[in-house]
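Before any comments, here is the structure.
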Amino acid sequence: MNYWLMKSEPDAFSYDDLVRKGKAEWDGVRNHAAQGHMRAMRRGDLSIFYHSNIGVEAVGIMEIVEEAAPDSTDDSGKWIAVHVAPRERLAKSVTLKAMKADSALSNMVMLRQSRLSVAPLTKAEFDHIVAMSKA
DNA sequence: GCCAACGTTGGC
DNA sequence: GCCAACGTTGGC
């Protein structure tokens with residue numbers, strides 16, 4: 001199983017919105033690196049849900065429930081999307097500041113390339129963020 | 001609102 | 001195929 005981190009601006013689509021819907025298409029990703037990561041996702045993989053711009057923090061865990069398929073918001077046929085479902089909200093959100101300050105996360109792809117909206121996490125990084133949310 | 005990082009576009 | 005110009009993302 002693989003682990004991921006996916007960003008959304010909460011005023012467009014928040015973790016609460018995902019909980020309310022129960023399942024959602026993660027659409028609108030128009031970056032080749034991020035698309036590559038989404039193509040590599042498998043059913044059952046887990047992802048951190050991260051709020052960008054507002055909050056700037058990891059807020060929940062979600063599960064990949066459907067693998068890459070054409071993005072319904074794309075007319076060109078070039079882009080794919082996956083479907084996700086909420087797993088659990090983090091007891092305490094983990095801020096970008098806290099992640100940057102933690103040496104255990106110094107190689108995290110999202111910290112090294114802040115504009116990437118879909119990024120892989122190692123199992124150790126994923127577990128570490130979850131542990132931080134419980135500290 | 002500003003700016004750094006980075007992706008895309010288009011001229012050559 | 002290079003690179004300047006420009007647009008977008010996202011943190012602050």
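Each chain in the structure tokens gets a letter, A, B and so on, in the order shown; residues start at 1 in every chain, and ligands are counted from 1 in the order they appear.
Residues from chain C that have an atom within 12 Å of chain A, counting only C-alpha atoms (C1' of nucleotides), are DT8, DT9, DG10, DG11 and DC12 of chain C.
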So which residues of region 7-111 of chain A fall under strand (DSSP E) by DSSP, listed as number ranges by chain?
A: 7-8, 24-26, 46-51, 57-70, 80-95
Quote the spacing between CA of Arg30 (chain A) and CA of Gly77 (chain A) in Å to one decimal place.
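Going from CA of Arg30 (chain A) over to CA of Gly77 (chain A), I get 12.0 Å.
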DSSP-assigned alpha helix (DSSP H) among chain A, expressed as a PyMOL selection string
chain A and resi 15-21+32-40+96-101+109-112+123-134
Spatial neighbours of region 106-108 of chain A, 8 Å, only C-alpha atoms (C1' of nucleotides), chain gap at least 6 places, as a short mmCIF file (atom, residue, chain, number, x, y, z; two decimals) with all heavy atoms, in the first residue's frame:
```cif
data_model
loop_
_atom_site.label_atom_id
_atom_site.label_comp_id
_atom_site.auth_asym_id
_atom_site.auth_seq_id
_atom_site.Cartn_x
_atom_site.Cartn_y
_atom_site.Cartn_z
N LYS A 100 7.41 21.51 8.71
CA LYS A 100 8.71 22.06 8.28
C LYS A 100 9.74 21.99 9.40
O LYS A 100 10.93 21.83 9.15
CB LYS A 100 8.54 23.52 7.86
CG LYS A 100 8.03 23.73 6.47
CD LYS A 100 8.01 25.23 6.17
CE LYS A 100 7.65 25.51 4.72
NZ LYS A 100 7.40 26.96 4.51
N LEU A 121 4.02 10.15 0.02
CA LEU A 121 4.59 10.13 1.36
C LEU A 121 5.16 8.74 1.59
O LEU A 121 4.58 7.76 1.13
CB LEU A 121 3.52 10.36 2.43
CG LEU A 121 2.83 11.72 2.54
CD1 LEU A 121 1.72 11.64 3.58
CD2 LEU A 121 3.83 12.79 2.91
N GLU A 125 6.69 8.75 6.93
CA GLU A 125 6.21 10.13 6.96
C GLU A 125 4.73 10.19 7.30
O GLU A 125 4.28 11.01 8.12
CB GLU A 125 6.46 10.82 5.61
CG GLU A 125 7.93 11.13 5.36
CD GLU A 125 8.25 11.43 3.90
OE1 GLU A 125 7.38 11.21 3.02
OE2 GLU A 125 9.38 11.87 3.63
#
```
